[in-house]
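Peer 1: My structure file start03.json, JSON, N, CA and C atoms, is below:
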[["chain", "number", "residue", "atom", "x", "y", "z"],
["H", 27, "MET", "N", -29.42, -21.89, 24.49],
["H", 27, "MET", "CA", -29.25, -21.77, 25.92],
["H", 27, "MET", "C", -27.84, -21.27, 26.27],
["H", 28, "LYS", "N", -26.82, -21.81, 25.56],
["H", 28, "LYS", "CA", -25.45, -21.38, 25.81],
["H", 28, "LYS", "C", -25.28, -19.90, 25.50],
["H", 29, "ARG", "N", -25.97, -19.43, 24.46],
["H", 29, "ARG", "CA", -25.88, -18.01, 24.11],
["H", 29, "ARG", "C", -26.46, -17.14, 25.22],
["H", 30, "ILE", "N", -27.54, -17.57, 25.79],
["H", 30, "ILE", "CA", -28.17, -16.82, 26.88],
["H", 30, "ILE", "C", -27.23, -16.75, 28.08],
["H", 31, "LEU", "N", -26.64, -17.88, 28.44],
["H", 31, "LEU", "CA", -25.71, -17.91, 29.56],
["H", 31, "LEU", "C", -24.49, -17.03, 29.29],
["H", 32, "ALA", "N", -23.99, -17.07, 28.07],
["H", 32, "ALA", "CA", -22.84, -16.23, 27.72],
["H", 32, "ALA", "C", -23.21, -14.75, 27.80],
["H", 33, "ALA", "N", -24.40, -14.42, 27.34],
["H", 33, "ALA", "CA", -24.85, -13.03, 27.40],
["H", 33, "ALA", "C", -25.02, -12.57, 28.84],
["H", 34, "LEU", "N", -25.57, -13.42, 29.69],
["H", 34, "LEU", "CA", -25.73, -13.07, 31.11],
["H", 34, "LEU", "C", -24.37, -12.90, 31.79],
["H", 35, "ALA", "N", -23.43, -13.76, 31.46],
["H", 35, "ALA", "CA", -22.09, -13.65, 32.03],
["H", 35, "ALA", "C", -21.43, -12.35, 31.58],
["H", 36, "ALA", "N", -21.59, -11.99, 30.32],
["H", 36, "ALA", "CA", -21.03, -10.74, 29.81],
["H", 36, "ALA", "C", -21.65, -9.53, 30.50],
["H", 37, "LEU", "N", -22.95, -9.57, 30.73],
["H", 37, "LEU", "CA", -23.63, -8.48, 31.44],
["H", 37, "LEU", "C", -23.14, -8.38, 32.87],
["H", 38, "ALA", "N", -22.95, -9.51, 33.51],
["H", 38, "ALA", "CA", -22.47, -9.50, 34.90],
["H", 38, "ALA", "C", -21.07, -8.91, 34.97],
["H", 39, "LEU", "N", -20.20, -9.27, 34.04],
["H", 39, "LEU", "CA", -18.85, -8.72, 34.00],
["H", 39, "LEU", "C", -18.87, -7.23, 33.71],
["H", 40, "ALA", "N", -19.74, -6.82, 32.80],
["H", 40, "ALA", "CA", -19.86, -5.39, 32.48],
["H", 40, "ALA", "C", -20.35, -4.62, 33.70],
["H", 41, "GLY", "N", -21.29, -5.19, 34.44],
["H", 41, "GLY", "CA", -21.79, -4.54, 35.66],
["H", 41, "GLY", "C", -20.70, -4.42, 36.70],
["H", 42, "SER", "N", -19.86, -5.43, 36.82],
["H", 42, "SER", "CA", -18.74, -5.40, 37.77],
["H", 42, "SER", "C", -17.74, -4.32, 37.37],
["H", 43, "ALA", "N", -17.45, -4.23, 36.09],
["H", 43, "ALA", "CA", -16.52, -3.21, 35.62],
["H", 43, "ALA", "C", -17.08, -1.83, 35.88],
["H", 44, "THR", "N", -18.36, -1.64, 35.65],
["H", 44, "THR", "CA", -19.00, -0.36, 35.89],
["H", 44, "THR", "C", -18.97, -0.01, 37.37],
["H", 45, "ALA", "N", -19.24, -0.98, 38.24],
["H", 45, "ALA", "CA", -19.19, -0.74, 39.68],
["H", 45, "ALA", "C", -17.78, -0.37, 40.11],
["H", 46, "ALA", "N", -16.78, -1.07, 39.59],
["H", 46, "ALA", "CA", -15.39, -0.77, 39.93],
["H", 46, "ALA", "C", -14.99, 0.62, 39.44],
["H", 47, "GLU", "N", -15.43, 0.98, 38.24],
["H", 47, "GLU", "CA", -15.13, 2.31, 37.70],
["H", 47, "GLU", "C", -15.79, 3.38, 38.55],
["H", 48, "GLY", "N", -17.04, 3.14, 38.95],
["H", 48, "GLY", "CA", -17.74, 4.09, 39.81],
["H", 48, "GLY", "C", -17.06, 4.22, 41.16],
["H", 49, "ALA", "N", -16.62, 3.11, 41.72],
["H", 49, "ALA", "CA", -15.92, 3.13, 43.00],
["H", 49, "ALA", "C", -14.59, 3.86, 42.88],
["H", 50, "ALA", "N", -13.90, 3.66, 41.76],
["H", 50, "ALA", "CA", -12.62, 4.36, 41.54],
["H", 50, "ALA", "C", -12.85, 5.87, 41.48],
["H", 51, "ALA", "N", -13.91, 6.28, 40.82],
["H", 51, "ALA", "CA", -14.24, 7.71, 40.73],
["H", 51, "ALA", "C", -14.62, 8.26, 42.11],
["H", 52, "THR", "N", -15.39, 7.49, 42.87],
["H", 52, "THR", "CA", -15.77, 7.92, 44.23],
["H", 52, "THR", "C", -14.53, 8.03, 45.10],
["H", 53, "TYR", "N", -13.64, 7.04, 45.01],
["H", 53, "TYR", "CA", -12.40, 7.06, 45.79],
["H", 53, "TYR", "C", -11.59, 8.31, 45.44],
["H", 54, "ALA", "N", -11.45, 8.59, 44.15],
["H", 54, "ALA", "CA", -10.69, 9.76, 43.71],
["H", 54, "ALA", "C", -11.29, 11.05, 44.26],
["H", 55, "ALA", "N", -12.61, 11.13, 44.30],
["H", 55, "ALA", "CA", -13.28, 12.34, 44.75],
["H", 55, "ALA", "C", -13.33, 12.48, 46.26],
["H", 56, "LYS", "N", -13.50, 11.38, 46.98],
["H", 56, "LYS", "CA", -13.76, 11.45, 48.42],
["H", 56, "LYS", "C", -12.60, 10.99, 49.30],
["H", 57, "CYS", "N", -11.71, 10.15, 48.80],
["H", 57, "CYS", "CA", -10.72, 9.49, 49.65],
["H", 57, "CYS", "C", -9.28, 9.88, 49.37],
["H", 58, "ASN", "N", -9.02, 10.26, 48.13],
["H", 58, "ASN", "CA", -7.66, 10.55, 47.67],
["H", 58, "ASN", "C", -6.91, 11.55, 48.54],
["H", 59, "ALA", "N", -7.58, 12.57, 49.00],
["H", 59, "ALA", "CA", -6.91, 13.65, 49.73],
["H", 59, "ALA", "C", -6.20, 13.15, 50.97],
["H", 60, "CYS", "N", -6.77, 12.18, 51.65],
["H", 60, "CYS", "CA", -6.15, 11.66, 52.88],
["H", 60, "CYS", "C", -5.48, 10.30, 52.67],
["H", 61, "HIS", "N", -6.12, 9.42, 51.92],
["H", 61, "HIS", "CA", -5.60, 8.06, 51.75],
["H", 61, "HIS", "C", -4.62, 7.94, 50.58],
["H", 62, "GLY", "N", -4.59, 8.93, 49.71],
["H", 62, "GLY", "CA", -3.67, 8.93, 48.58],
["H", 62, "GLY", "C", -4.11, 8.04, 47.45],
["H", 63, "LYS", "N", -3.60, 8.34, 46.28],
["H", 63, "LYS", "CA", -3.95, 7.58, 45.07],
["H", 63, "LYS", "C", -3.59, 6.11, 45.21],
["H", 64, "ASP", "N", -2.49, 5.82, 45.91],
["H", 64, "ASP", "CA", -2.05, 4.44, 46.08],
["H", 64, "ASP", "C", -2.59, 3.78, 47.34],
["H", 65, "GLY", "N", -3.34, 4.52, 48.17],
["H", 65, "GLY", "CA", -3.93, 3.96, 49.38],
["H", 65, "GLY", "C", -3.01, 3.95, 50.58],
["H", 66, "LYS", "N", -1.79, 4.42, 50.42],
["H", 66, "LYS", "CA", -0.82, 4.37, 51.51],
["H", 66, "LYS", "C", -0.87, 5.60, 52.41],
["H", 67, "GLY", "N", -1.66, 6.59, 52.03],
["H", 67, "GLY", "CA", -1.82, 7.79, 52.84],
["H", 67, "GLY", "C", -0.98, 8.95, 52.35],
["H", 68, "THR", "N", -1.57, 10.13, 52.38],
["H", 68, "THR", "CA", -0.85, 11.36, 52.06],
["H", 68, "THR", "C", -0.22, 11.88, 53.34],
["H", 69, "ALA", "N", 0.63, 12.88, 53.22],
["H", 69, "ALA", "CA", 1.25, 13.48, 54.41],
["H", 69, "ALA", "C", 0.17, 14.00, 55.36],
["H", 70, "VAL", "N", -0.82, 14.68, 54.81],
["H", 70, "VAL", "CA", -1.92, 15.19, 55.63],
["H", 70, "VAL", "C", -2.71, 14.04, 56.25],
["H", 71, "GLY", "N", -3.02, 13.04, 55.44],
["H", 71, "GLY", "CA", -3.77, 11.89, 55.94],
["H", 71, "GLY", "C", -3.04, 11.16, 57.05],
["H", 72, "LYS", "N", -1.75, 10.97, 56.88],
["H", 72, "LYS", "CA", -0.96, 10.28, 57.91],
["H", 72, "LYS", "C", -0.96, 11.06, 59.22],
["H", 73, "LYS", "N", -0.88, 12.41, 59.14],
["H", 73, "LYS", "CA", -0.94, 13.24, 60.35],
["H", 73, "LYS", "C", -2.27, 13.06, 61.07],
["H", 74, "MET", "N", -3.33, 12.80, 60.29],
["H", 74, "MET", "CA", -4.67, 12.64, 60.87],
["H", 74, "MET", "C", -4.95, 11.20, 61.28],
["H", 75, "GLY", "N", -4.00, 10.30, 61.02],
["H", 75, "GLY", "CA", -4.17, 8.91, 61.41],
["H", 75, "GLY", "C", -4.81, 8.02, 60.36],
["H", 76, "ALA", "N", -4.82, 8.46, 59.11],
["H", 76, "ALA", "CA", -5.39, 7.64, 58.03],
["H", 76, "ALA", "C", -4.55, 6.38, 57.87],
["H", 77, "PRO", "N", -5.18, 5.22, 57.89],
["H", 77, "PRO", "CA", -4.42, 3.98, 57.76],
["H", 77, "PRO", "C", -3.97, 3.72, 56.32],
["H", 78, "ASP", "N", -2.97, 2.88, 56.19],
["H", 78, "ASP", "CA", -2.51, 2.41, 54.90],
["H", 78, "ASP", "C", -3.55, 1.40, 54.42],
["H", 79, "LEU", "N", -4.31, 1.74, 53.42],
["H", 79, "LEU", "CA", -5.39, 0.87, 52.95],
["H", 79, "LEU", "C", -4.86, -0.39, 52.27],
["H", 80, "THR", "N", -3.60, -0.37, 51.87],
["H", 80, "THR", "CA", -3.04, -1.56, 51.22],
["H", 80, "THR", "C", -2.66, -2.62, 52.24],
["H", 81, "ALA", "N", -2.65, -2.27, 53.52],
["H", 81, "ALA", "CA", -2.26, -3.20, 54.57],
["H", 81, "ALA", "C", -3.39, -3.47, 55.56],
["H", 82, "LEU", "N", -4.61, -3.12, 55.19],
["H", 82, "LEU", "CA", -5.75, -3.35, 56.09],
["H", 82, "LEU", "C", -6.03, -4.85, 56.22],
["H", 83, "GLY", "N", -6.27, -5.29, 57.42],
["H", 83, "GLY", "CA", -6.64, -6.67, 57.64],
["H", 83, "GLY", "C", -8.11, -6.79, 57.98],
["H", 84, "LYS", "N", -8.92, -5.91, 57.41],
["H", 84, "LYS", "CA", -10.35, -5.88, 57.72],
["H", 84, "LYS", "C", -11.16, -6.57, 56.64],
["H", 85, "SER", "N", -12.33, -7.03, 57.03],
["H", 85, "SER", "CA", -13.27, -7.61, 56.07],
["H", 85, "SER", "C", -13.93, -6.50, 55.28],
["H", 86, "GLU", "N", -14.55, -6.88, 54.20],
["H", 86, "GLU", "CA", -15.28, -5.91, 53.38],
["H", 86, "GLU", "C", -16.40, -5.25, 54.19],
["H", 87, "ALA", "N", -17.06, -6.02, 55.03],
["H", 87, "ALA", "CA", -18.14, -5.48, 55.88],
["H", 87, "ALA", "C", -17.60, -4.46, 56.88],
["H", 88, "GLU", "N", -16.42, -4.72, 57.44],
["H", 88, "GLU", "CA", -15.81, -3.78, 58.38],
["H", 88, "GLU", "C", -15.40, -2.49, 57.66],
["H", 89, "ILE", "N", -14.89, -2.63, 56.46],
["H", 89, "ILE", "CA", -14.51, -1.45, 55.67],
["H", 89, "ILE", "C", -15.75, -0.63, 55.34],
["H", 90, "ALA", "N", -16.83, -1.30, 54.93],
["H", 90, "ALA", "CA", -18.08, -0.60, 54.62],
["H", 90, "ALA", "C", -18.61, 0.12, 55.85],
["H", 91, "ALA", "N", -18.52, -0.51, 57.02],
["H", 91, "ALA", "CA", -18.99, 0.13, 58.25],
["H", 91, "ALA", "C", -18.16, 1.37, 58.57],
["H", 92, "SER", "N", -16.85, 1.30, 58.36],
["H", 92, "SER", "CA", -15.99, 2.46, 58.60],
["H", 92, "SER", "C", -16.33, 3.60, 57.65],
["H", 93, "ILE", "N", -16.59, 3.26, 56.40],
["H", 93, "ILE", "CA", -16.97, 4.29, 55.42],
["H", 93, "ILE", "C", -18.31, 4.91, 55.82],
["H", 94, "ALA", "N", -19.28, 4.08, 56.13],
["H", 94, "ALA", "CA", -20.62, 4.56, 56.45],
["H", 94, "ALA", "C", -20.65, 5.39, 57.74],
["H", 95, "ASN", "N", -19.99, 4.89, 58.78],
["H", 95, "ASN", "CA", -20.11, 5.50, 60.10],
["H", 95, "ASN", "C", -18.94, 6.40, 60.48],
["H", 96, "GLY", "N", -17.89, 6.40, 59.68],
["H", 96, "GLY", "CA", -16.70, 7.17, 60.00],
["H", 96, "GLY", "C", -15.84, 6.41, 60.99],
["H", 97, "LYS", "N", -14.60, 6.85, 61.11],
["H", 97, "LYS", "CA", -13.68, 6.21, 62.04],
["H", 97, "LYS", "C", -12.55, 7.18, 62.32],
["H", 98, "GLY", "N", -12.22, 7.35, 63.57],
["H", 98, "GLY", "CA", -11.18, 8.32, 63.93],
["H", 98, "GLY", "C", -11.59, 9.71, 63.48],
["H", 99, "LYS", "N", -10.72, 10.35, 62.73],
["H", 99, "LYS", "CA", -11.02, 11.71, 62.24],
["H", 99, "LYS", "C", -11.78, 11.71, 60.93],
["H", 100, "MET", "N", -12.01, 10.53, 60.35],
["H", 100, "MET", "CA", -12.78, 10.45, 59.11],
["H", 100, "MET", "C", -14.27, 10.53, 59.42],
["H", 101, "GLY", "N", -14.93, 11.44, 58.76],
["H", 101, "GLY", "CA", -16.36, 11.58, 58.96],
["H", 101, "GLY", "C", -17.16, 10.46, 58.32],
["H", 102, "ALA", "N", -18.42, 10.37, 58.72],
["H", 102, "ALA", "CA", -19.32, 9.35, 58.18],
["H", 102, "ALA", "C", -19.78, 9.74, 56.77],
["H", 103, "TYR", "N", -19.96, 8.73, 55.94],
["H", 103, "TYR", "CA", -20.42, 8.96, 54.57],
["H", 103, "TYR", "C", -21.81, 8.38, 54.33],
["H", 104, "LYS", "N", -22.48, 7.89, 55.37],
["H", 104, "LYS", "CA", -23.78, 7.26, 55.17],
["H", 104, "LYS", "C", -24.83, 8.24, 54.66],
["H", 105, "ASP", "N", -24.65, 9.52, 54.91],
["H", 105, "ASP", "CA", -25.59, 10.52, 54.40],
["H", 105, "ASP", "C", -25.10, 11.18, 53.11],
["H", 106, "LYS", "N", -23.91, 10.79, 52.66],
["H", 106, "LYS", "CA", -23.32, 11.40, 51.46],
["H", 106, "LYS", "C", -23.25, 10.42, 50.29],
["H", 107, "LEU", "N", -23.19, 9.12, 50.61],
["H", 107, "LEU", "CA", -23.12, 8.07, 49.60],
["H", 107, "LEU", "C", -24.25, 7.09, 49.82],
["H", 108, "SER", "N", -24.74, 6.50, 48.74],
["H", 108, "SER", "CA", -25.79, 5.48, 48.86],
["H", 108, "SER", "C", -25.18, 4.18, 49.38],
["H", 109, "GLU", "N", -26.01, 3.30, 49.86],
["H", 109, "GLU", "CA", -25.54, 1.99, 50.34],
["H", 109, "GLU", "C", -24.78, 1.24, 49.23],
["H", 110, "PRO", "N", -25.30, 1.21, 47.99],
["H", 110, "PRO", "CA", -24.53, 0.54, 46.93],
["H", 110, "PRO", "C", -23.18, 1.22, 46.66],
["H", 111, "GLU", "N", -23.11, 2.54, 46.76],
["H", 111, "GLU", "CA", -21.84, 3.23, 46.57],
["H", 111, "GLU", "C", -20.85, 2.88, 47.67],
["H", 112, "ILE", "N", -21.34, 2.81, 48.90],
["H", 112, "ILE", "CA", -20.49, 2.44, 50.04],
["H", 112, "ILE", "C", -19.98, 1.02, 49.87],
["H", 113, "GLN", "N", -20.86, 0.12, 49.47],
["H", 113, "GLN", "CA", -20.46, -1.28, 49.27],
["H", 113, "GLN", "C", -19.44, -1.41, 48.14],
["H", 114, "ALA", "N", -19.67, -0.69, 47.04],
["H", 114, "ALA", "CA", -18.73, -0.74, 45.92],
["H", 114, "ALA", "C", -17.37, -0.17, 46.33],
["H", 115, "LEU", "N", -17.38, 0.88, 47.12],
["H", 115, "LEU", "CA", -16.14, 1.48, 47.59],
["H", 115, "LEU", "C", -15.41, 0.52, 48.54],
["H", 116, "ALA", "N", -16.14, -0.16, 49.41],
["H", 116, "ALA", "CA", -15.54, -1.15, 50.30],
["H", 116, "ALA", "C", -14.90, -2.29, 49.51],
["H", 117, "THR", "N", -15.59, -2.74, 48.49],
["H", 117, "THR", "CA", -15.05, -3.79, 47.62],
["H", 117, "THR", "C", -13.80, -3.31, 46.92],
["H", 118, "PHE", "N", -13.83, -2.09, 46.44],
["H", 118, "PHE", "CA", -12.69, -1.47, 45.75],
["H", 118, "PHE", "C", -11.47, -1.42, 46.68],
["H", 119, "VAL", "N", -11.69, -1.00, 47.92],
["H", 119, "VAL", "CA", -10.59, -0.93, 48.88],
["H", 119, "VAL", "C", -10.08, -2.33, 49.22],
["H", 120, "LYS", "N", -11.00, -3.25, 49.47],
["H", 120, "LYS", "CA", -10.62, -4.62, 49.83],
["H", 120, "LYS", "C", -9.83, -5.29, 48.70],
["H", 121, "ASN", "N", -10.16, -4.94, 47.46],
["H", 121, "ASN", "CA", -9.49, -5.53, 46.30],
["H", 121, "ASN", "C", -8.20, -4.79, 45.92],
["H", 122, "GLY", "N", -7.68, -4.01, 46.82],
["H", 122, "GLY", "CA", -6.41, -3.33, 46.55],
["H", 122, "GLY", "C", -6.53, -2.12, 45.64],
["H", 123, "LEU", "N", -7.64, -1.43, 45.72],
["H", 123, "LEU", "CA", -7.93, -0.24, 44.91],
["H", 123, "LEU", "C", -8.01, -0.59, 43.43],
["H", 124, "LYS", "N", -8.64, -1.74, 43.18],
["H", 124, "LYS", "CA", -8.86, -2.21, 41.80],
["H", 124, "LYS", "C", -10.32, -2.51, 41.60]]
Can you present the structure in this file as structure tokens?
Peer 2:
Amino acid sequence: MKRILAALAALALAGSATAAEGAAATYAAKCNACHGKDGKGTAVGKKMGAPDLTALGKSEAEIAASIANGKGKMGAYKDKLSEPEIQALATFVKNGLK
């Protein structure tokens, strides 16, 4: 029984790592240009009003809604990313881009 629980825990951790890696790749492809690699915003992003993602006081659900529906000059991603991708990206942002 302990072996089964250990195996399930290992699978869960592997799934989390995979989700984080996928979110990091999505962030690099879709968000980096305006929000920057560090989340503090690029010169172009700051001109467009991109917030410093490292200082957001939003919940994960609020971040996911902003990604899905767009906010300010940022377009909506609900037709470009799947719901799981949006949720993983919101978690990635909420966790400090980790």
Peer 1: May I have all residues of region 43-112 of chain H that DSSP, computed from the backbone, assigns to alpha helix (DSSP H), given as number ranges by chain?
Peer 2: H: 43-56, 58-61, 69-73, 86-95, 109-112
Peer 1: At a cut-off of 6 Å from (-7.0, -4.1, 46.1) in the coordinates of the file, what residues are picked up using only N, CA and C atoms, written as a PyMOL selection string?
Peer 2: chain H and resi 118-124
Peer 1: Show me, as lines of an AutoDock Vina configuration file, the centre and edge lengths in Å to one decimal of the axis-aligned box that covers every listed atom of region 79-96 of chain H with 4 Å on each side.
Peer 2:
center_x = -11.5
center_y = -0.2
center_z = 56.1
size_x = 26.4
size_y = 22.8
size_z = 17.8
Peer 1: Please, what distance in Å, to one decimal, runs between atom N of Thr117 (chain H) and CA of Lys73 (chain H)?
Peer 2: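 Atom N of Thr117 (chain H) sits 24.7 Å away from CA of Lys73 (chain H).
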Peer 1: To one decimal place, how far is CA of Ala46 (chain H) from atom C of Asn95 (chain H) in Å?
Peer 2: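 Separation between CA of Ala46 (chain H) and atom C of Asn95 (chain H): 22.1 Å.
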Peer 1: Considering only C-alpha atoms, return as a list in words whatever protein or nucleic-acid residues lie within 10 Å of region 53-55 of chain H, sequence-local ones (same chain, fewer than 4 positions apart) excluded.
Peer 2: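 Close residues of region 53-55 of chain H: Glu47, Gly48, Ala49, Ala59, His61, Gly62, Lys63, Gly65, Leu115, Ala116, Phe118, Val119 and Leu123 of chain H.
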Peer 1: Which is closer to Val70 (chain H) than all the others in H:Ala94, H:Thr44, H:Ala87, H:Lys99, using only C-alpha atoms?
Peer 2: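 Checking each of H:Ala94, H:Thr44, H:Ala87, H:Lys99 against Val70 (chain H), counting only C-alpha atoms, the winner is H:Lys99.
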Peer 1: Hey, which of H:Ala114, H:Cys57, H:Lys66, H:Gly96 ends up closest to Leu82 (chain H)? Count only C-alpha atoms.
Peer 2: H:Lys66
Peer 1: In Å, rounded to a single decimal, give me how far atom N of Asp64 (chain H) is from CA of Ala81 (chain H).
Peer 2: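 About the pair CA of Ala81 (chain H) and atom N of Asp64 (chain H): they are 12.5 Å apart.
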